[in-house]
file protein08.txt (compact mmCIF, C-alpha atoms and all ligand atoms)
# COMPACT_ATOMS: atom_id res chain seq x y z
CA MET A 1 58.00 97.33 61.60
CA THR A 2 60.00 99.78 63.69
CA GLN A 3 58.72 102.12 66.40
CA LYS A 4 59.47 105.02 64.06
CA GLU A 5 57.31 103.53 61.28
CA ILE A 6 54.38 103.05 63.65
CA GLN A 7 54.68 106.65 64.85
CA HIS A 8 54.27 107.61 61.21
CA TYR A 9 50.72 106.20 61.19
CA LEU A 10 49.89 107.78 64.53
CA ARG A 11 51.14 111.31 63.80
CA SER A 12 48.56 114.10 63.91
CA GLY A 13 46.44 115.09 60.92
CA THR A 14 43.25 116.88 59.96
CA LEU A 15 40.86 113.95 60.48
CA GLN A 16 39.41 113.23 63.92
CA LEU A 17 38.23 109.64 64.30
CA SER A 18 36.60 109.45 67.73
CA ALA A 19 36.75 105.63 67.81
CA LEU A 20 38.20 102.96 65.56
CA PRO A 21 35.62 100.84 63.67
CA PRO A 22 35.26 97.05 64.02
CA LEU A 23 38.16 95.13 62.46
CA SER A 24 37.78 92.14 60.12
CA LEU A 25 40.42 89.84 58.68
CA TYR A 26 40.39 88.74 55.02
CA VAL A 27 42.64 85.88 53.90
CA HIS A 28 43.10 85.33 50.15
CA LEU A 29 43.86 81.83 48.80
CA PRO A 30 44.56 82.41 45.11
CA TRP A 31 44.24 79.04 43.36
CA CYS A 32 41.42 77.35 41.43
CA LEU A 33 41.10 74.07 39.54
CA LYS A 34 40.39 76.01 36.36
CA LYS A 35 40.04 79.70 35.53
CA CYS A 36 36.42 80.61 34.73
CA PRO A 37 36.07 82.70 31.53
CA TYR A 38 34.20 85.55 33.27
CA CYS A 39 36.42 85.85 36.35
CA ASP A 40 38.79 88.74 37.02
CA PHE A 41 39.55 87.81 40.61
CA ASN A 42 43.14 87.12 41.57
CA SER A 43 42.87 83.40 40.89
CA HIS A 44 45.34 81.09 39.17
CA GLU A 45 44.99 77.56 37.83
CA VAL A 46 46.68 74.96 40.01
CA SER A 47 47.77 72.72 37.21
CA GLY A 48 50.52 73.71 34.79
CA ALA A 49 51.92 76.61 36.77
CA MET A 50 52.30 74.36 39.81
CA PRO A 51 54.29 71.26 38.94
CA GLY A 52 54.47 70.19 42.59
CA GLY A 53 50.74 70.80 43.19
CA LEU A 54 49.40 73.33 45.63
CA PRO A 55 52.23 74.80 47.77
CA GLU A 56 50.01 74.68 50.88
CA GLN A 57 52.62 74.77 53.60
CA ARG A 58 54.76 77.47 52.00
CA TYR A 59 51.70 79.61 51.39
CA LEU A 60 50.60 79.16 55.03
CA ASP A 61 54.12 80.16 56.16
CA ALA A 62 53.87 83.25 53.97
CA LEU A 63 50.46 84.15 55.46
CA VAL A 64 51.89 83.92 58.98
CA ALA A 65 54.86 86.12 58.05
CA ASP A 66 52.46 88.58 56.38
CA LEU A 67 50.20 88.69 59.45
CA GLU A 68 53.12 89.12 61.85
CA ALA A 69 54.51 92.03 59.86
CA ALA A 70 51.06 93.70 59.94
CA LEU A 71 50.38 93.20 63.67
CA PRO A 72 51.77 96.57 64.83
CA LEU A 73 49.13 98.29 62.67
CA ILE A 74 46.28 96.65 64.58
CA TRP A 75 47.82 96.41 68.01
CA GLY A 76 45.29 95.83 70.80
CA ARG A 77 42.33 95.42 68.45
CA THR A 78 39.94 92.46 68.37
CA VAL A 79 38.90 90.72 65.16
CA HIS A 80 35.11 90.57 64.61
CA SER A 81 35.04 88.35 61.50
CA VAL A 82 37.33 86.32 59.29
CA PHE A 83 36.68 85.63 55.60
CA ILE A 84 38.78 83.07 53.73
CA GLY A 85 38.18 83.92 50.08
CA GLY A 86 39.65 83.27 46.71
CA GLY A 87 40.26 81.74 44.40
CA THR A 88 38.93 78.50 45.72
CA PRO A 89 39.81 78.16 49.42
CA SER A 90 38.10 74.75 49.57
CA LEU A 91 41.01 73.43 47.45
CA PHE A 92 43.10 73.71 50.62
CA SER A 93 42.83 70.66 52.85
CA PRO A 94 40.83 70.90 56.10
CA GLN A 95 44.17 70.34 57.92
CA ALA A 96 45.61 73.41 56.18
CA ILE A 97 42.56 75.52 57.15
CA ASP A 98 42.91 74.21 60.71
CA ARG A 99 46.54 75.32 60.78
CA LEU A 100 45.65 78.70 59.27
CA LEU A 101 43.00 79.39 61.91
CA SER A 102 45.27 78.24 64.75
CA ASP A 103 48.02 80.51 63.42
CA VAL A 104 45.57 83.42 63.32
CA ARG A 105 44.20 82.72 66.83
CA ALA A 106 47.72 82.52 68.25
CA ARG A 107 48.43 86.06 67.05
CA LEU A 108 45.12 87.91 67.14
CA PRO A 109 42.27 88.01 69.66
CA LEU A 110 39.06 86.90 67.91
CA GLU A 111 35.62 87.85 69.31
CA ALA A 112 33.98 84.92 71.10
CA ASP A 113 31.26 84.57 68.43
CA CYS A 114 33.53 85.51 65.54
CA GLU A 115 32.01 84.68 62.13
CA ILE A 116 34.52 82.66 60.08
CA THR A 117 33.48 82.20 56.44
CA LEU A 118 35.16 79.97 53.86
CA GLU A 119 34.41 80.05 50.13
CA ALA A 120 33.82 76.62 48.64
CA ASN A 121 33.43 75.41 45.08
CA PRO A 122 31.16 72.37 44.51
CA GLY A 123 33.89 70.98 42.21
CA THR A 124 36.14 70.46 45.26
CA PHE A 125 33.42 68.72 47.20
CA GLU A 126 33.86 65.25 48.61
CA LYS A 127 31.95 63.58 51.40
CA ASP A 128 32.71 64.90 54.90
CA ARG A 129 35.08 67.58 53.60
CA PHE A 130 32.76 70.40 54.66
CA LYS A 131 32.31 68.84 58.14
CA ALA A 132 36.09 68.84 58.46
CA PHE A 133 36.17 72.57 57.66
CA ARG A 134 33.56 73.03 60.39
CA SER A 135 35.77 71.13 62.86
CA ALA A 136 38.69 73.36 61.85
CA GLY A 137 36.68 76.33 63.15
CA VAL A 138 34.88 77.63 60.04
CA THR A 139 31.36 78.79 61.05
CA ARG A 140 29.90 79.75 57.68
CA LEU A 141 30.34 78.29 54.22
CA SER A 142 29.83 80.28 51.02
CA VAL A 143 29.15 77.91 48.15
CA GLY A 144 29.85 79.16 44.62
CA VAL A 145 26.95 77.55 42.77
CA GLN A 146 26.31 80.18 40.05
CA SER A 147 23.51 78.16 38.43
CA PHE A 148 21.77 74.80 38.74
CA ASP A 149 21.39 74.41 34.99
CA ASP A 150 24.01 72.17 33.36
CA ARG A 151 23.84 74.14 30.12
CA HIS A 152 24.64 77.40 31.85
CA LEU A 153 27.27 75.85 34.10
CA LYS A 154 29.00 74.67 30.97
CA ALA A 155 28.78 78.07 29.29
CA LEU A 156 30.31 79.56 32.43
CA GLY A 157 33.20 77.09 32.27
CA ARG A 158 32.40 75.77 35.74
CA VAL A 159 34.17 72.62 36.95
CA HIS A 160 30.99 71.21 38.54
CA ASP A 161 27.55 70.18 37.32
CA ARG A 162 24.05 70.55 38.79
CA ALA A 163 24.17 67.29 40.74
CA GLN A 164 27.47 68.24 42.41
CA ALA A 165 26.09 71.68 43.24
CA ILE A 166 23.03 70.18 44.95
CA ALA A 167 25.13 67.61 46.85
CA ALA A 168 27.51 70.34 48.02
CA VAL A 169 24.70 72.60 49.24
CA GLU A 170 23.00 69.72 51.04
CA GLU A 171 26.22 68.90 52.86
CA ALA A 172 26.77 72.59 53.66
CA ALA A 173 23.27 72.73 55.17
CA GLN A 174 24.01 69.69 57.33
CA ALA A 175 27.42 70.79 58.51
CA PHE A 176 26.78 74.53 59.10
CA ASP A 177 24.21 76.59 61.00
CA THR A 178 24.51 79.27 58.37
CA PHE A 179 25.69 79.29 54.77
CA ASN A 180 25.52 81.27 51.56
CA LEU A 181 24.92 80.45 47.91
CA ASP A 182 26.52 82.57 45.20
CA ILE A 183 24.25 82.75 42.16
CA MET A 184 24.70 84.66 38.91
CA TYR A 185 21.94 85.77 36.53
CA ALA A 186 21.62 87.26 33.04
CA LEU A 187 23.73 84.35 31.81
CA PRO A 188 24.46 83.63 28.13
CA GLY A 189 21.18 82.45 26.57
CA GLN A 190 19.26 82.56 29.87
CA THR A 191 15.50 83.14 29.62
CA MET A 192 13.18 84.35 32.38
CA GLU A 193 11.89 80.80 32.66
CA ASN A 194 15.45 79.43 33.10
CA LEU A 195 16.07 82.01 35.81
CA GLU A 196 12.86 81.13 37.66
CA HIS A 197 13.82 77.50 37.50
CA ASP A 198 17.27 78.25 38.93
CA MET A 199 15.80 80.37 41.72
CA ARG A 200 13.19 77.74 42.61
CA GLN A 201 15.96 75.15 42.90
CA ALA A 202 18.13 77.48 44.97
CA LEU A 203 15.26 78.34 47.35
CA ALA A 204 14.20 74.69 47.69
CA LEU A 205 17.56 74.11 49.40
CA GLN A 206 16.51 76.69 52.03
CA PRO A 207 19.67 78.77 52.13
CA PRO A 208 19.74 81.31 54.99
CA HIS A 209 21.69 83.70 52.71
CA ILE A 210 22.03 84.16 48.94
CA SER A 211 24.35 86.53 47.05
CA ILE A 212 23.09 87.18 43.54
CA TYR A 213 25.19 88.95 40.93
CA GLN A 214 24.40 89.97 37.40
CA LEU A 215 27.06 88.47 35.13
CA THR A 216 29.34 91.27 34.01
CA ILE A 217 31.99 91.11 31.32
CA GLU A 218 35.21 92.20 33.00
CA PRO A 219 38.25 93.51 31.11
CA ASN A 220 41.11 91.04 30.57
CA THR A 221 38.93 87.94 30.87
CA TRP A 222 38.24 85.29 28.24
CA PHE A 223 34.67 86.61 27.88
CA ALA A 224 36.04 90.11 27.18
CA LYS A 225 37.96 88.65 24.23
CA PHE A 226 35.15 86.35 23.07
CA PRO A 227 31.96 87.96 24.35
CA PRO A 228 28.95 85.66 24.74
CA VAL A 229 25.46 86.90 23.85
CA LEU A 230 23.82 88.09 27.04
CA PRO A 231 20.16 88.89 27.79
CA GLU A 232 19.06 92.46 26.90
CA GLU A 233 19.17 95.06 29.65
CA ASP A 234 15.36 95.15 30.05
CA LEU A 235 15.25 91.42 30.59
CA ALA A 236 18.11 91.63 33.11
CA TYR A 237 16.15 94.28 35.08
CA ALA A 238 13.03 92.13 34.98
CA MET A 239 15.10 89.16 36.23
CA LEU A 240 16.32 91.17 39.20
CA ASP A 241 12.73 92.15 40.07
CA ARG A 242 11.69 88.51 39.88
CA ILE A 243 14.66 87.46 42.06
CA THR A 244 13.71 90.04 44.68
CA GLU A 245 10.06 88.82 44.64
CA MET A 246 10.94 85.14 44.85
CA THR A 247 13.52 85.57 47.63
CA HIS A 248 11.09 87.80 49.55
CA SER A 249 8.37 85.13 49.40
CA ALA A 250 10.91 82.63 50.74
CA GLY A 251 11.59 84.84 53.78
CA LEU A 252 14.89 86.30 52.58
CA GLN A 253 15.26 90.06 52.84
CA ARG A 254 17.29 92.07 50.35
CA TYR A 255 19.54 93.99 52.73
CA GLU A 256 22.20 95.01 50.22
CA VAL A 257 22.26 95.41 46.43
CA SER A 258 23.31 91.77 45.90
CA ALA A 259 22.69 90.15 49.30
CA TYR A 260 19.54 88.47 50.64
CA ALA A 261 19.24 86.95 54.12
CA LYS A 262 16.84 85.38 56.56
CA PRO A 263 16.62 87.21 59.92
CA GLY A 264 19.79 86.64 61.93
CA HIS A 265 21.80 85.44 58.92
CA ARG A 266 23.25 88.64 57.48
CA CYS A 267 26.95 88.35 56.75
CA PHE A 268 28.80 90.33 59.41
CA HIS A 269 32.01 90.42 57.39
CA ASN A 270 30.41 92.00 54.32
CA LEU A 271 28.31 94.34 56.48
CA ASN A 272 31.53 95.59 58.01
CA TYR A 273 32.88 96.42 54.51
CA TRP A 274 29.66 98.20 53.56
CA GLN A 275 29.61 100.11 56.85
CA PHE A 276 33.14 101.31 56.12
CA GLY A 277 34.65 99.21 58.87
CA ASP A 278 38.31 98.22 58.90
CA TYR A 279 39.84 95.10 57.37
CA LEU A 280 43.30 93.67 57.24
CA GLY A 281 43.72 91.62 54.06
CA ILE A 282 46.53 89.08 53.96
CA GLY A 283 47.44 86.81 51.05
CA ALA A 284 48.21 87.40 47.38
CA GLY A 285 46.69 90.62 46.04
CA ALA A 286 44.66 91.23 49.22
CA HIS A 287 43.46 94.76 50.00
CA SER A 288 43.38 96.37 53.47
CA LYS A 289 41.68 99.44 54.86
CA LEU A 290 42.86 100.51 58.30
CA SER A 291 41.99 103.50 60.46
CA PHE A 292 44.13 105.46 62.87
CA PRO A 293 43.07 108.42 65.03
CA HIS A 294 43.93 110.94 62.27
CA ARG A 295 44.05 108.98 59.00
CA VAL A 296 42.68 106.08 56.95
CA ILE A 297 45.12 104.02 54.91
CA ARG A 298 44.79 101.43 52.16
CA GLN A 299 47.28 98.71 51.32
CA VAL A 300 47.61 96.13 48.53
CA ARG A 301 49.75 92.94 48.70
CA TYR A 302 51.74 91.50 45.75
CA ARG A 303 49.29 89.84 43.40
CA GLU A 304 51.22 87.02 41.76
CA PRO A 305 51.27 84.08 44.21
CA ARG A 306 55.02 83.24 43.88
CA LEU A 307 56.09 86.85 44.16
CA TYR A 308 53.73 87.24 47.11
CA MET A 309 55.19 84.22 48.92
CA ASP A 310 58.78 85.38 48.37
CA SER A 311 57.99 88.93 49.50
CA ALA A 312 55.91 87.93 52.52
CA LEU A 313 58.59 85.48 53.68
CA ALA A 314 61.19 88.23 53.26
CA GLY A 315 59.09 90.44 55.58
CA ASP A 316 57.26 92.80 53.23
CA ALA A 317 54.22 91.65 51.28
CA VAL A 318 52.89 95.16 50.70
CA THR A 319 53.38 96.58 47.21
CA GLN A 320 51.18 99.66 47.50
CA GLU A 321 50.11 101.87 50.35
CA ASN A 322 48.31 105.17 50.38
CA GLU A 323 46.46 107.43 52.74
CA VAL A 324 42.86 108.11 51.66
CA SER A 325 42.68 111.85 51.09
CA ARG A 326 40.23 114.00 53.00
CA ALA A 327 38.54 114.90 49.69
CA ASP A 328 38.01 111.25 48.69
CA LEU A 329 36.60 109.99 51.99
CA PRO A 330 32.93 111.01 51.49
CA PHE A 331 32.70 109.15 48.15
CA GLU A 332 34.53 106.09 49.50
CA PHE A 333 32.14 105.96 52.45
CA MET A 334 29.07 106.35 50.20
CA LEU A 335 30.28 103.79 47.67
CA ASN A 336 29.79 101.25 50.47
CA ALA A 337 27.09 102.62 52.78
CA LEU A 338 24.53 103.40 50.07
CA ARG A 339 24.60 99.76 48.91
CA LEU A 340 22.73 98.95 52.12
CA ARG A 341 18.93 98.98 52.02
CA ASP A 342 18.88 100.60 55.48
CA GLY A 343 21.51 103.20 54.57
CA PHE A 344 23.57 104.64 57.42
CA LYS A 345 23.51 106.88 60.47
CA LEU A 346 25.00 110.34 60.11
CA GLN A 347 26.97 109.70 63.27
CA ASP A 348 28.60 106.67 61.58
CA PHE A 349 29.73 108.90 58.75
CA SER A 350 31.58 111.17 61.19
CA GLU A 351 32.95 108.32 63.27
CA LYS A 352 34.31 106.39 60.32
CA THR A 353 35.64 109.18 58.13
CA GLY A 354 36.72 111.58 60.90
CA LEU A 355 34.93 114.36 58.97
CA PRO A 356 32.08 116.58 60.14
CA VAL A 357 28.63 115.94 58.62
CA THR A 358 28.84 119.40 57.04
CA ALA A 359 31.31 117.85 54.55
CA ILE A 360 28.36 116.08 52.83
CA GLN A 361 25.56 118.53 53.60
CA ARG A 362 25.28 119.89 50.07
CA ALA A 363 25.39 116.48 48.39
CA LEU A 364 22.73 115.17 50.79
CA GLU A 365 20.44 118.10 49.96
CA GLU A 366 20.86 117.46 46.25
CA ALA A 367 20.25 113.72 46.62
CA GLU A 368 17.08 114.44 48.58
CA ARG A 369 15.89 116.98 46.01
CA LYS A 370 16.37 114.36 43.27
CA GLY A 371 14.36 111.82 45.27
CA LEU A 372 17.35 109.48 45.66
CA ILE A 373 17.48 109.44 49.48
CA GLU A 374 15.17 109.97 52.42
CA ARG A 375 16.54 111.17 55.74
CA ASP A 376 15.83 112.48 59.19
CA LEU A 377 18.18 113.95 61.77
CA VAL A 378 19.74 110.56 62.45
CA HIS A 379 19.48 108.32 59.34
CA VAL A 380 20.07 108.49 55.61
CA ARG A 381 18.44 105.82 53.46
CA PRO A 382 18.39 105.32 49.68
CA THR A 383 14.84 105.49 48.25
CA ASP A 384 13.71 102.77 45.80
CA ARG A 385 14.73 105.16 43.04
CA GLY A 386 18.11 105.79 44.69
CA PHE A 387 18.66 102.04 44.95
CA ASP A 388 17.82 101.60 41.25
CA PHE A 389 20.09 104.48 40.20
CA LEU A 390 22.84 103.83 42.71
CA ASN A 391 25.71 105.09 40.53
CA ASP A 392 23.99 108.47 40.07
CA LEU A 393 23.42 108.69 43.80
CA GLN A 394 26.99 107.73 44.74
CA GLU A 395 28.47 110.17 42.21
CA LEU A 396 26.92 113.12 44.03
CA PHE A 397 29.51 112.53 46.75
CA LEU A 398 32.56 112.62 44.47
CA ALA A 399 35.24 115.16 45.37
CA PRO A 400 34.49 118.47 43.59
C1 LIG B 1 35.66 85.16 44.20
S1 LIG B 1 34.28 84.33 43.67
C2 LIG B 1 34.46 83.06 44.88
C3 LIG B 1 33.70 81.78 44.76
C4 LIG B 1 34.41 80.58 44.15
N1 LIG B 1 35.68 80.90 43.66
C5 LIG B 1 33.54 80.08 43.03
O1 LIG B 1 33.58 80.70 41.96
O2 LIG B 1 32.87 79.09 43.24
C6 LIG B 1 32.88 85.23 44.31
C7 LIG B 1 31.64 85.30 43.45
O3 LIG B 1 31.69 86.41 42.59
C8 LIG B 1 30.80 86.19 41.52
N2 LIG B 1 31.44 86.63 40.26
C9 LIG B 1 32.69 86.38 39.86
N3 LIG B 1 32.92 86.95 38.65
C10 LIG B 1 31.78 87.58 38.28
C11 LIG B 1 31.37 88.34 37.13
N4 LIG B 1 32.17 88.56 36.10
N5 LIG B 1 30.10 88.85 37.12
C12 LIG B 1 29.28 88.63 38.16
N6 LIG B 1 29.60 87.93 39.25
C13 LIG B 1 30.84 87.40 39.32
C14 LIG B 1 30.47 84.72 41.50
O4 LIG B 1 29.14 84.52 41.90
C15 LIG B 1 31.43 84.15 42.53
O5 LIG B 1 30.91 83.05 43.22
S1 LIG B 2 36.29 79.30 40.69
FE1 LIG B 2 35.70 81.36 41.42
S2 LIG B 2 37.61 82.47 41.77
FE2 LIG B 2 38.10 80.61 40.58
S3 LIG B 2 38.16 81.30 38.50
FE3 LIG B 2 36.07 80.56 38.89
S4 LIG B 2 34.90 82.38 39.63
FE4 LIG B 2 37.06 82.89 39.68

call {"tool": "encode", "arguments": {"input": "protein08.txt", "output": "C-alpha cells"}}
result
Amino acid sequence: MTQKEIQHYLRSGTLQLSALPPLSLYVHLPWCLKKCPYCDFNSHEVSGAMPGGLPEQRYLDALVADLEAALPLIWGRTVHSVFIGGGTPSLFSPQAIDRLLSDVRARLPLEADCEITLEANPGTFEKDRFKAFRSAGVTRLSVGVQSFDDRHLKALGRVHDRAQAIAAVEEAAQAFDTFNLDIMYALPGQTMENLEHDMRQALALQPPHISIYQLTIEPNTWFAKFPPVLPEEDLAYAMLDRITEMTHSAGLQRYEVSAYAKPGHRCFHNLNYWQFGDYLGIGAGAHSKLSFPHRVIRQVRYREPRLYMDSALAGDAVTQENEVSRADLPFEFMLNALRLRDGFKLQDFSEKTGLPVTAIQRALEEAERKGLIERDLVHVRPTDRGFDFLNDLQELFLAP
C-alpha cells in the first residue's frame, strides 16, 4: 500500500472518533472434512476439490501476504484478541498453527494476555492434539459439539458421534484454562426432554462458556433445498427459557443473546465485535471493520479458497471495500451492542461511531416508550422485553 493510499483513509471527514477502539484479529481457515447440511459459512470439503490434501503451507503463505498488505491500515495498534475460525481450523496441524501464530507475532504486537481462540471439531480429535495447539500458543478452544445425541448428530450430518464429542471436551478441559462448547437447539425431531438431556450432558462437563444457537435454515444450504421438520416456534421459545434456567443454575450467566459464561470467562474477541470494536479479518472470505479518525471502513476478502490464495499472494486479497455511511452507523452499532445483556454506555456510542448522542436521541426515546430499553444518563440496557423482541428494538435505529 502506498503513502498516497494510506492518506486516503486518513483524510478529513464528518465523523470525529476521539480514540480508536480495541483491535482484534480474525483468521479464517476455510476447510472441513464434510459440509454440514445446515451450514452457510465459507467452508469447503477437503476431499474431492483438493487432490493433494490440505494446501497448508500455501495457505499460510497467503495469510502472511494478506496480513503484510493490511499492516499499514493498523499501524502502531496492538492486537487484543485473535480468533482462528472456520471452517474447521483443527484440521490444520498443530505445527501449522504454531507457524501461523509465530508469523502473526513477528508482524503485530499482541497484548501480553491476548486471548487466542481456535475452533475445533470433535471429528478431528486425536489424543494430545489439543495439548499441541495449547503449546502453539492457543489459549482458548471452542469445540463444535452441537449435540450429544447420536440421532441428532446424524441428522445434522456431523462427522463425529457422542463419544467423540465427550472425549474431545474432556481433553479440551484438561489442556485449556478456558474453553467453549457450541450447541444448537430446536433440532429436527428434538423434544424438550431431548434438549434437557443434551444440556445436562453439556453442563456435566463443566464448560466455562457455552454458545447456544437455534438451528436456522439458511439459504443455499442442503437443508434449504430439503427442509427437515423442526420443532414449532412455541417449543423453540420454551427450549430457550429452559436453556437459560439450566445454565443459570450451573453458574453460567447469559451475557449475550447466544453466549453464557462463568465469571471471568466471557469471550473477549466476541465482546469486542458486540461492542463495535475493530477487527482485521484475514483469510478466505474474511470480513474486517476498521476505524480511522474520521471514518469506519469494511472490507471483504475473496471467498473461494484458491482465488483467495492467488490474490493474496499477488498482493491484494480484498474484493470489496466500503466506508460505512454516517446514516448507517447508528443501526450497525445497535445491531451489535443491543445483543449484550448489559447494553452499552452512551459514551461508547460516540467514541465508536464518531457521532454525537443526539443522532440516536429520538430512537432511544421511542424504544424507552415501548418498554424495550431502560436507561440513565450513562447506560442503555435492553429490558427483558427488548431482549425478546430484539429485531424490533434494533430496527428503531435504522436510517430514516
Ligand atoms: C463456523 S461454525 C464453527 C465450528 C466448527 N466448524 C464446527 O461446526 O464444529 C460456528 C457455529 O455456528 C453454529 N451454526 C452454524 N450453522 C448454523 C445454523 N444454520 N443455525 C444455527 N447455528 C449454526 C454452530 O453451532 C457452529 O458450531
Ligand atoms: S464443520 Fe462447522 S464450518 Fe464445517 S460445514 Fe460443519 S458447521 Fe460448517

call {"tool": "residues_near_ligand", "arguments": {"input": "protein08.txt", "ligand": "ligand LIG 2 (chain B)", "cutoff": "12 Å", "atoms": "only C-alpha atoms and all ligand atoms", "output": "ChimeraX atom specification"}}
result
/A:28-46,85-91,119-124,142-146,153,156-160,182-184,213,215-216,218,221-222

call {"tool": "residues_around", "arguments": {"input": "protein08.txt", "residues": "Phe349 (chain A)", "least_positions_apart": "2", "cutoff": "12 Å", "atoms": "all atoms listed in the file", "output": "ChimeraX atom specification"}}
result
/A:16-19,21,274-277,329-334,336-338,343-347,351-361,378-380

call {"tool": "closest_residue", "arguments": {"input": "protein08.txt", "among": "A:Tyr260, A:Phe176, A:Phe292, A:Tyr273", "to": "Arg77 (chain A)", "atoms": "all atoms listed in the file"}}
result
A:Phe292

call {"tool": "closest_residue", "arguments": {"input": "protein08.txt", "among": "A:Asp241, A:Asp128, A:Glu111, A:Glu171", "to": "Pro94 (chain A)", "atoms": "all atoms listed in the file"}}
result
A:Asp128

call {"tool": "atom_distance", "arguments": {"input": "protein08.txt", "atom1": "CA of Leu100 (chain A)", "atom2": "CA of Leu63 (chain A)"}}
result
8.2 Å

call {"tool": "atom_distance", "arguments": {"input": "protein08.txt", "atom1": "CA of Asn180 (chain A)", "atom2": "CA of Asp348 (chain A)"}}
result
27.5 Å

call {"tool": "residues_near_point", "arguments": {"input": "protein08.txt", "point": "(23.8, 104.9, 44.8)", "cutoff": "8 Å", "atoms": "only C-alpha atoms", "output": "list in words"}}
result
Met334, Leu335, Leu338, Arg339, Leu372, Pro382, Gly386, Phe387, Asp388, Phe389, Leu390, Asn391, Asp392, Leu393, Gln394 and Glu395 of chain A

call {"tool": "atom_distance", "arguments": {"input": "protein08.txt", "atom1": "CA of Arg298 (chain A)", "atom2": "CA of Gln214 (chain A)"}}
result
27.7 Å

call {"tool": "closest_residue", "arguments": {"input": "protein08.txt", "among": "A:Trp75, A:Phe130, A:Phe223, A:Phe179", "to": "ligand LIG 1 (chain B)", "atoms": "only C-alpha atoms and all ligand atoms"}}
result
A:Phe223

call {"tool": "closest_residue", "arguments": {"input": "protein08.txt", "among": "A:Pro208, A:Pro293, A:Gly251, A:Gly281", "to": "Asp177 (chain A)", "atoms": "only C-alpha atoms"}}
result
A:Pro208

call {"tool": "closest_residue", "arguments": {"input": "protein08.txt", "among": "A:Met1, A:Leu73, A:Ile217, A:Met199", "to": "ligand LIG 1 (chain B)", "atoms": "all atoms listed in the file"}}
result
A:Ile217

call {"tool": "residues_near_point", "arguments": {"input": "protein08.txt", "point": "(45.0, 113.2, 52.8)", "cutoff": "12 Å", "atoms": "all atoms listed in the file", "output": "mmCIF file with C-alpha atoms, in the coordinates of the input"}}
result
data_model
loop_
_atom_site.group_PDB
_atom_site.id
_atom_site.type_symbol
_atom_site.label_atom_id
_atom_site.label_comp_id
_atom_site.auth_asym_id
_atom_site.auth_seq_id
_atom_site.Cartn_x
_atom_site.Cartn_y
_atom_site.Cartn_z
ATOM 1 C CA SER A 12 48.560 114.100 63.910
ATOM 2 C CA GLY A 13 46.440 115.090 60.920
ATOM 3 C CA THR A 14 43.250 116.880 59.960
ATOM 4 C CA LEU A 15 40.860 113.950 60.480
ATOM 5 C CA HIS A 294 43.930 110.940 62.270
ATOM 6 C CA ARG A 295 44.050 108.980 59.000
ATOM 7 C CA VAL A 296 42.680 106.080 56.950
ATOM 8 C CA ILE A 297 45.120 104.020 54.910
ATOM 9 C CA ARG A 298 44.790 101.430 52.160
ATOM 10 C CA ASN A 322 48.310 105.170 50.380
ATOM 11 C CA GLU A 323 46.460 107.430 52.740
ATOM 12 C CA VAL A 324 42.860 108.110 51.660
ATOM 13 C CA SER A 325 42.680 111.850 51.090
ATOM 14 C CA ARG A 326 40.230 114.000 53.000
ATOM 15 C CA ALA A 327 38.540 114.900 49.690
ATOM 16 C CA ASP A 328 38.010 111.250 48.690
ATOM 17 C CA LEU A 329 36.600 109.990 51.990
ATOM 18 C CA THR A 353 35.640 109.180 58.130
ATOM 19 C CA GLY A 354 36.720 111.580 60.900
ATOM 20 C CA LEU A 355 34.930 114.360 58.970
#

call {"tool": "closest_residue", "arguments": {"input": "protein08.txt", "among": "A:Ala284, A:Ser102, A:Lys262, A:Ser291", "to": "Ala317 (chain A)", "atoms": "only C-alpha atoms"}}
result
A:Ala284

call {"tool": "axis_aligned_box", "arguments": {"input": "protein08.txt", "around": "ligand LIG 1 (chain B)", "padding_each_side": "8 Å", "output": "AutoDock Vina command-line options"}}
result
--center_x 32.4 --center_y 84.0 --center_z 40.5 --size_x 22.5 --size_y 25.8 --size_z 24.8

call {"tool": "residues_around", "arguments": {"input": "protein08.txt", "residues": "Arg162 (chain A)", "least_positions_apart": "6", "cutoff": "8 Å", "atoms": "all atoms listed in the file", "output": "list in words"}}
result
Ser147, Phe148, Asp149, Asp150 and Leu153 of chain A

call {"tool": "write_last_selection", "arguments": {"input": "protein08.txt", "atoms": "C-alpha atoms", "output": "compact mmCIF listing (two decimals), in the frame of the given file"}}
result
# COMPACT_ATOMS: atom_id res chain seq x y z
CA SER A 147 23.51 78.16 38.43
CA PHE A 148 21.77 74.80 38.74
CA ASP A 149 21.39 74.41 34.99
CA ASP A 150 24.01 72.17 33.36
CA LEU A 153 27.27 75.85 34.10
